[in-house]
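*Asks:* Contents of model-v9.txt (compact mmCIF, C-alpha atoms) are given next:
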```
# COMPACT_ATOMS: atom_id res chain seq x y z
CA MET G 1 18.44 5.84 -11.08
CA ASN G 2 21.99 4.55 -11.07
CA ILE G 3 22.84 1.92 -8.43
CA ASP G 4 26.26 0.32 -8.46
CA PHE G 5 28.66 -1.67 -6.26
CA PRO G 6 32.18 -0.21 -6.39
CA PRO G 7 34.66 -3.08 -6.68
CA PRO G 8 36.88 -3.64 -3.63
CA SER G 9 40.33 -2.12 -3.98
CA LYS G 10 43.50 -1.47 -2.01
CA GLY G 11 42.45 2.14 -1.50
CA THR G 12 39.27 3.77 -0.20
CA TYR G 13 37.09 0.75 -0.96
CA ASN G 14 39.38 -1.84 0.62
CA ASN G 15 36.88 -4.00 2.50
CA VAL G 16 39.02 -6.77 4.02
CA GLY G 17 40.05 -4.59 6.96
CA SER G 18 38.52 -1.73 8.92
CA SER G 19 35.82 0.54 7.53
CA ARG G 20 37.65 3.58 8.96
CA ARG G 21 39.23 4.67 5.67
CA LEU G 22 35.90 4.64 3.83
CA CYS G 23 34.11 6.44 6.69
CA ASN G 24 36.79 9.13 6.74
CA TYR G 25 36.36 9.63 3.02
CA LEU G 26 32.58 9.92 3.36
CA GLU G 27 32.99 12.81 5.82
CA HIS G 28 35.31 14.95 3.69
CA GLU G 29 32.46 16.91 2.11
CA ASP G 30 30.99 17.81 5.51
CA LEU G 31 34.10 19.75 6.53
CA GLU G 32 34.02 21.84 3.35
CA ARG G 33 30.31 22.62 3.70
CA MET G 34 30.59 23.39 7.42
CA GLU G 35 33.33 25.94 6.71
CA GLN G 36 30.95 27.64 4.27
CA GLY G 37 28.01 27.41 6.68
CA ILE G 38 26.09 25.07 4.35
CA TYR G 39 23.61 22.38 5.42
CA THR G 40 25.15 18.90 6.01
CA GLU G 41 23.82 15.41 6.69
CA GLY G 42 25.32 12.94 9.18
CA PHE G 43 25.38 9.13 8.94
CA PHE G 44 22.00 7.38 9.14
CA ASN G 45 20.65 3.83 9.32
CA LEU G 46 17.20 2.26 9.15
CA THR G 47 15.86 4.15 12.18
CA ASP G 48 18.28 6.90 13.26
CA ASP G 49 19.84 10.08 11.85
CA ASN G 50 23.01 12.03 12.68
CA ILE G 51 24.99 9.00 13.86
CA TYR G 52 28.63 9.63 14.82
CA LYS G 53 31.34 8.25 12.55
CA SER G 54 33.03 6.54 15.49
CA HIS G 55 29.85 4.54 16.15
CA VAL G 56 29.62 3.51 12.49
CA ILE G 57 33.21 2.26 12.41
CA LYS G 58 32.86 0.33 15.66
CA ASP G 59 29.56 -1.30 14.65
CA ILE G 60 30.72 -2.39 11.18
CA ASP G 61 34.18 -3.54 12.32
CA SER G 62 32.80 -5.65 15.19
CA ASN G 63 30.19 -7.47 13.09
CA ILE G 64 32.65 -9.93 11.53
CA GLY G 65 31.96 -13.24 13.29
CA GLN G 66 33.49 -16.33 11.58
CA LEU G 67 35.04 -14.23 8.78
CA LEU G 68 38.61 -14.93 7.73
CA LYS G 69 41.26 -12.24 7.67
CA THR G 70 41.10 -12.09 3.87
CA ASP G 71 37.29 -12.10 3.69
CA ALA G 72 35.30 -8.99 2.81
CA LYS G 73 33.94 -7.34 5.97
CA PHE G 74 31.56 -4.90 4.27
CA TYR G 75 30.40 -3.68 0.86
CA ALA G 76 29.83 -0.20 -0.57
CA ILE G 77 26.82 0.81 -2.64
CA HIS G 78 26.31 4.02 -4.62
CA ILE G 79 22.81 5.39 -5.29
CA SER G 80 22.80 8.30 -7.74
CA PRO G 81 19.53 9.83 -8.98
CA SER G 82 19.43 11.85 -12.20
CA GLU G 83 18.64 15.56 -12.14
CA GLN G 84 15.04 14.85 -13.21
CA GLU G 85 14.65 12.27 -10.45
CA LEU G 86 16.10 14.66 -7.87
CA ARG G 87 13.59 17.33 -8.85
CA ALA G 88 10.83 14.77 -8.27
CA MET G 89 12.27 14.20 -4.77
CA GLY G 90 12.06 17.83 -3.63
CA SER G 91 12.82 21.47 -4.42
CA THR G 92 15.58 22.03 -1.85
CA GLU G 93 18.67 20.07 -0.80
CA GLN G 94 17.12 19.30 2.57
CA GLU G 95 13.88 18.01 1.02
CA GLN G 96 15.88 15.85 -1.41
CA ALA G 97 18.05 14.49 1.42
CA GLU G 98 14.98 13.53 3.45
CA ALA G 99 13.44 11.90 0.38
CA MET G 100 16.66 10.00 -0.26
CA LYS G 101 16.72 8.60 3.27
CA ARG G 102 13.09 7.58 2.90
CA TYR G 103 13.89 5.85 -0.40
CA ILE G 104 16.83 3.96 1.15
CA ARG G 105 14.79 2.87 4.18
CA GLU G 106 11.54 1.98 2.42
CA VAL G 107 12.80 0.65 -0.91
CA VAL G 108 16.52 -0.03 -1.33
CA ILE G 109 17.28 -1.89 1.90
CA PRO G 110 14.04 -3.96 1.89
CA GLU G 111 14.69 -4.97 -1.75
CA TYR G 112 18.35 -5.66 -0.93
CA ALA G 113 17.33 -7.99 1.92
CA LYS G 114 14.62 -9.73 -0.11
CA ASN G 115 16.99 -10.33 -3.02
CA PHE G 116 19.15 -12.78 -1.04
CA ASN G 117 16.22 -15.22 -1.01
CA LYS G 118 16.91 -16.15 2.61
CA GLY G 119 13.74 -14.81 4.17
CA LEU G 120 15.46 -11.60 5.30
CA SER G 121 13.85 -8.19 5.90
CA ALA G 122 15.27 -4.67 6.18
CA GLU G 123 15.64 -5.12 9.95
CA ASN G 124 18.16 -7.95 9.31
CA ILE G 125 20.56 -5.72 7.36
CA LYS G 126 23.28 -3.77 9.16
CA PHE G 127 24.06 -0.66 7.13
CA TYR G 128 24.89 3.03 7.37
CA GLY G 129 24.31 5.71 4.78
CA LYS G 130 25.96 9.05 4.02
CA ILE G 131 24.52 11.65 1.66
CA HIS G 132 26.78 13.79 -0.54
CA PHE G 133 25.58 16.89 -2.37
CA ASP G 134 28.46 17.46 -4.81
CA ARG G 135 30.23 15.33 -7.36
CA ASP G 136 33.67 15.96 -8.88
CA MET G 137 33.89 16.38 -12.65
CA SER G 138 30.15 17.02 -13.05
CA ASN G 139 28.49 19.94 -14.79
CA ASN G 140 25.02 19.04 -13.52
CA GLU G 141 23.09 21.58 -11.48
CA LEU G 142 22.00 18.87 -9.03
CA ASN G 143 24.42 16.15 -7.89
CA MET G 144 23.07 14.71 -4.65
CA HIS G 145 23.83 11.01 -4.18
CA CYS G 146 24.17 8.49 -1.37
CA HIS G 147 26.90 6.12 -0.20
CA LEU G 148 26.00 2.99 1.77
CA ILE G 149 28.28 0.82 3.89
CA VAL G 150 26.64 -2.59 4.30
CA SER G 151 28.03 -5.21 6.67
CA ARG G 152 28.98 -8.60 5.23
CA LYS G 153 27.12 -10.22 8.14
CA ASP G 154 23.47 -9.72 9.06
CA GLN G 155 22.35 -8.03 12.30
CA SER G 156 22.60 -11.31 14.22
CA ASN G 157 26.23 -11.68 13.10
CA LYS G 158 25.42 -15.20 11.86
CA LYS G 159 24.55 -15.10 8.14
CA LYS G 160 27.06 -14.16 5.45
CA LEU G 161 25.62 -11.87 2.80
CA SER G 162 27.42 -10.95 -0.42
CA PRO G 163 25.77 -8.82 -3.13
CA LEU G 164 28.71 -9.57 -5.44
CA THR G 165 28.12 -13.31 -5.61
CA ASN G 166 27.34 -14.83 -9.00
CA HIS G 167 24.79 -17.24 -7.49
CA LYS G 168 21.11 -16.40 -8.10
CA ASN G 169 18.47 -18.10 -5.95
CA THR G 170 20.56 -21.28 -5.58
CA LYS G 171 18.71 -24.08 -3.79
CA LYS G 172 21.35 -26.83 -3.87
CA GLY G 173 24.99 -26.94 -2.86
CA ALA G 174 27.04 -25.20 -0.19
CA ILE G 175 25.68 -21.75 -1.06
CA LYS G 176 21.95 -21.23 -0.65
CA GLY G 177 20.20 -18.17 -2.01
CA GLY G 178 22.45 -15.85 -3.98
CA PHE G 179 21.86 -12.32 -5.27
CA ASP G 180 20.30 -11.06 -8.51
CA ARG G 181 21.64 -7.54 -9.07
CA LYS G 182 19.55 -7.05 -12.21
CA ASN G 183 16.37 -7.75 -10.25
CA LEU G 184 17.47 -5.32 -7.52
CA PHE G 185 18.02 -2.52 -10.05
CA GLN G 186 14.64 -3.11 -11.71
CA GLN G 187 12.66 -3.29 -8.47
CA ALA G 188 14.41 -0.28 -6.92
CA GLU G 189 13.64 1.77 -10.04
CA LYS G 190 10.01 0.63 -10.16
CA GLU G 191 9.45 1.44 -6.48
CA PHE G 192 11.15 4.83 -6.86
CA ASP G 193 8.63 5.76 -9.56
CA ASN G 194 5.75 4.63 -7.34
CA LEU G 195 7.09 6.40 -4.25
CA PHE G 196 7.62 9.77 -5.92
CA SER G 197 4.98 9.55 -8.70
CA TYR G 198 7.73 9.82 -11.28
CA ASN G 199 6.78 9.38 -14.94
CA ARG G 200 9.92 7.72 -16.28
CA PRO G 201 10.61 7.86 -20.04
CA LEU G 202 11.31 4.43 -21.50
CA ASN G 203 14.75 5.43 -22.77
CA LYS G 204 15.72 6.45 -19.20
CA SER G 205 14.82 3.10 -17.69
CA PHE G 206 17.11 0.27 -16.61
CA GLU G 207 15.21 -2.09 -18.92
CA TYR G 208 16.03 0.07 -21.95
CA TYR G 209 19.68 0.54 -20.95
CA ASN G 210 20.22 -3.16 -20.22
CA THR G 211 18.55 -4.27 -23.46
CA MET G 212 20.51 -1.85 -25.64
CA LYS G 213 23.76 -2.94 -23.97
CA ASN G 214 23.29 -6.68 -23.48
CA GLY G 215 20.28 -7.69 -25.59
CA THR G 216 20.22 -9.43 -28.97
CA ILE G 217 19.70 -7.49 -32.21
CA SER G 218 16.06 -8.59 -32.27
CA GLU G 219 15.52 -7.43 -28.66
CA GLN G 220 17.18 -4.10 -29.39
CA LEU G 221 14.97 -3.51 -32.46
CA LYS G 222 11.83 -4.27 -30.45
CA MET G 223 13.00 -1.90 -27.73
CA GLN G 224 13.54 0.87 -30.29
CA GLU G 225 10.02 0.29 -31.63
CA ARG G 226 8.68 0.61 -28.08
CA GLN G 227 10.65 3.82 -27.63
CA ILE G 228 9.20 5.34 -30.82
CA ALA G 229 5.67 4.38 -29.77
CA ASP G 230 6.31 5.79 -26.31
CA GLU G 231 7.56 9.10 -27.73
CA ARG G 232 4.51 9.39 -30.00
CA LYS G 233 2.24 8.75 -27.05
CA ASN G 234 4.01 11.44 -25.02
CA ILE G 235 3.70 13.92 -27.89
CA GLN G 236 -0.04 13.25 -28.18
CA GLU G 237 -0.52 13.61 -24.42
CA ASN G 238 1.44 16.88 -24.41
CA GLN G 239 -0.66 18.19 -27.29
CA GLN G 240 -3.85 17.29 -25.46
CA VAL G 241 -2.63 19.03 -22.32
CA ALA G 242 -1.62 22.10 -24.33
CA SER G 243 -4.99 22.15 -26.07
CA PHE G 244 -6.83 21.92 -22.76
CA GLU G 245 -4.69 24.70 -21.26
CA ASN G 246 -5.35 26.93 -24.28
CA LYS G 247 -9.10 26.33 -24.06
CA PHE G 248 -9.02 27.08 -20.35
CA ALA G 249 -7.04 30.28 -20.96
CA TYR G 250 -9.45 31.40 -23.71
CA LYS G 251 -12.42 30.69 -21.45
CA GLN G 252 -10.87 32.82 -18.71
CA GLU G 253 -10.29 35.64 -21.19
CA ASP G 254 -13.89 35.39 -22.46
CA ASP G 255 -15.26 35.40 -18.91
CA LEU G 256 -13.15 38.44 -18.04
CA SER G 257 -14.23 40.22 -21.25
CA ASN G 258 -17.91 39.48 -20.54
CA LYS G 259 -17.56 40.81 -17.00
CA ILE G 260 -15.99 44.02 -18.29
CA GLU G 261 -18.74 44.43 -20.92
CA ASP G 262 -21.46 43.79 -18.34
CA LYS G 263 -19.93 46.37 -16.04
CA GLN G 264 -19.65 48.93 -18.83
CA TYR G 265 -23.27 48.27 -19.89
CA SER G 266 -24.45 48.62 -16.30
CA THR G 267 -22.58 51.90 -15.90
CA SER G 268 -23.87 53.36 -19.18
CA SER G 269 -27.42 52.31 -18.31
CA ASP G 270 -27.18 54.07 -14.97
CA LEU G 271 -25.86 57.19 -16.65
CA GLY G 272 -28.66 57.14 -19.24
CA LEU G 273 -31.32 56.73 -16.58
CA SER G 274 -29.83 59.57 -14.59
CA SER G 275 -29.92 61.77 -17.68
CA VAL G 276 -33.56 60.98 -18.32
CA LEU G 277 -34.45 61.56 -14.71
CA GLY G 278 -32.51 64.79 -14.87
CA LEU G 279 -34.68 66.03 -17.73
CA LEU G 280 -37.86 65.14 -15.91
CA THR G 281 -36.85 66.55 -12.54
CA PRO G 282 -37.11 70.36 -12.26
CA GLU G 283 -33.91 72.06 -11.34
CA ALA G 284 -33.55 73.99 -8.13
CA GLY G 285 -34.59 77.61 -8.61
CA ASN G 286 -36.91 76.87 -11.56
CA SER G 287 -39.46 79.67 -12.23
CA GLU G 288 -42.34 77.23 -11.84
CA ASP G 289 -41.45 76.77 -8.20
CA LYS G 290 -41.24 80.55 -7.44
CA PRO G 291 -44.43 82.47 -6.39
CA ILE G 292 -45.63 84.99 -9.00
CA PRO G 293 -44.84 88.52 -7.71
CA LYS G 294 -47.79 90.88 -7.37
CA LYS G 295 -47.73 94.14 -9.30
CA LYS G 296 -47.24 97.17 -7.12
CA LYS G 297 -50.00 99.90 -7.36
CA ILE G 298 -48.59 103.21 -8.44
CA LYS G 299 -50.06 106.16 -6.59
CA LYS G 300 -50.92 109.16 -8.80
CA LYS G 301 -49.33 112.42 -7.72
CA PRO G 302 -51.64 115.45 -7.45
CA LYS G 303 -51.22 118.09 -10.17
CA GLN G 304 -49.51 121.20 -9.01
CA GLY G 305 -51.05 124.68 -9.63
CA PHE G 306 -54.22 126.60 -8.68
CA ARG G 307 -57.71 125.25 -9.03
CA GLN G 308 -60.43 127.54 -10.26
```
Let me see the file written as structure tokens.
*Replies:*
Amino acid sequence: MNIDFPPPSKGTYNNVGSSRRLCNYLEHEDLERMEQGIYTEGFFNLTDDNIYKSHVIKDIDSNIGQLLKTDAKFYAIHISPSEQELRAMGSTEQEQAEAMKRYIREVVIPEYAKNFNKGLSAENIKFYGKIHFDRDMSNNELNMHCHLIVSRKDQSNKKKLSPLTNHKNTKKGAIKGGFDRKNLFQQAEKEFDNLFSYNRPLNKSFEYYNTMKNGTISEQLKMQERQIADERKNIQENQQVASFENKFAYKQEDDLSNKIEDKQYSTSSDLGLSSVLGLLTPEAGNSEDKPIPKKKKIKKKPKQGFRQ
């Protein structure tokens, strides 16, 4: 699961002014899909679906109390599952989109709120999401991902919240709390696996990626040892599954063969019994059943001629 915060820019992700430009960009895919008659998803938040773009812009742009003209008014977040993760989320685009919204509402936003260490919950975060199904310059079969626009201020328009701050759980000074992006990535990944019963390979985890990129040589070697052990374990488990499936298949074949043999034996036994009974049972029209015909008496004819 790849989660990232696009850096603010002077273009689409310019966040010191209105959110209109970003919202317009997030709708560009809808127009293309609607022309082709393909399923689309509207904006959504913690509780509602199919929210109009005009409402999103108005709500984000008006939640800027006590912010200076040059202050960030909102932040963008990208959430991009891998192809394997998407397959765990559903078999159709609509199923995957519904699963993505569930993941955002039940995992990402609650973890985002908790990570500020200010006693916040998902209900305190003002955000809107937009799901895209395609990605430029990608050869993947599945490319669904989600864009989030998160207000700089909480729902009450009182607390400033910045996921790009370098403070982490600060308890002294002007800034209290902070934001630990590493912790967010780890928790969001862990909860994704729990939510969708996803068996994540070690070398596809954030822990592995972060260690191999930022860890010491010793930490990287230990991680490689864990990966080798993990791969061996997976091979053994796959072999056990294959062995069980083969035994099950052989048992089915044996059962089917025994049924066929039993049927053939039953049929041949019936035929043999019929043959025996046929020998013992007299056939219709047998001479033993017919009455014995009586011999006809032949009358003697008188001799012709004169008698003396």
*Asks:* How far is it from atom CA of G:Gly42 to atom CA of G:Asn15, in Å with one decimal?
*Replies:* 21.6 Å
*Asks:* Separation of atom CA of G:Asp49 and atom CA of G:Ser156, in Å?
*Replies:*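 Atom CA of G:Ser156 lies 21.7 Å from atom CA of G:Asp49.
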*Asks:* Using all atoms listed in the file, determine which residues lie at most 9 Å from stretch 70-72 of chain G, disregarding the query and same-chain residues fewer than 5 positions distant; provide the list as a count of residues only.
*Replies:* 7
*Asks:* Which residue out of G:Val241, G:Ala122, G:Met34, G:Cys23 has the minimum interatomic distance to G:Lys58 when all atoms listed in the file are used?
*Replies:*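 Nearest candidate to G:Lys58 out of G:Val241, G:Ala122, G:Met34, G:Cys23: G:Cys23.
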*Asks:* How far is it from atom CA of G:Lys118 to atom CA of G:Lys160, in Å with one decimal?
*Replies:*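 Pair atom CA of G:Lys118 / atom CA of G:Lys160 returns 10.7 Å.
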*Asks:* For each of G:Met89, G:Leu46, G:Ile109, G:Leu26, take the minimum atom-to-atom distance to G:Tyr13, counting all atoms listed in the file, then give the residue where this is smallest.
*Replies:*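 Of G:Met89, G:Leu46, G:Ile109, G:Leu26, the one nearest G:Tyr13, counting all atoms listed in the file, is G:Leu26.
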*Asks:* Using only C-alpha atoms, which residues sit within 12 Å of stretch 223-238 of chain G once same-chain residues fewer than 3 positions away are excluded, as an NGL selection string?
*Replies:* :G and (199-205 or 207-213 or 215-220 or 241-245)
*Asks:* Taking all atoms listed in the file into account, which of G:Gly11, G:Gly90, G:Gly178, G:Pro6 comes nearest G:Tyr198?
*Replies:* G:Gly90
*Asks:* With only C-alpha atoms as the atoms that count, which of G:Ile104, G:His55, G:Asp136, G:Gln96 lies nearest to G:Gln84?
*Replies:*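 So, comparing all the options, the nearest one is G:Gln96.
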*Asks:* Of the candidates G:Lys182, G:His147, G:Lys159, G:His132, which shows the shortest atom-to-atom distance to G:Asn214, using all atoms listed in the file?
*Replies:*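 For G:Asn214, the nearest of the candidates is G:Lys182.
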*Asks:* Pick the closest to G:Phe44 from G:Arg102, G:Asn117, G:Leu68, G:Asp193: which is it, counting all atoms listed in the file?
*Replies:*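 Counting all atoms listed in the file, the residue closest to G:Phe44 is G:Arg102.
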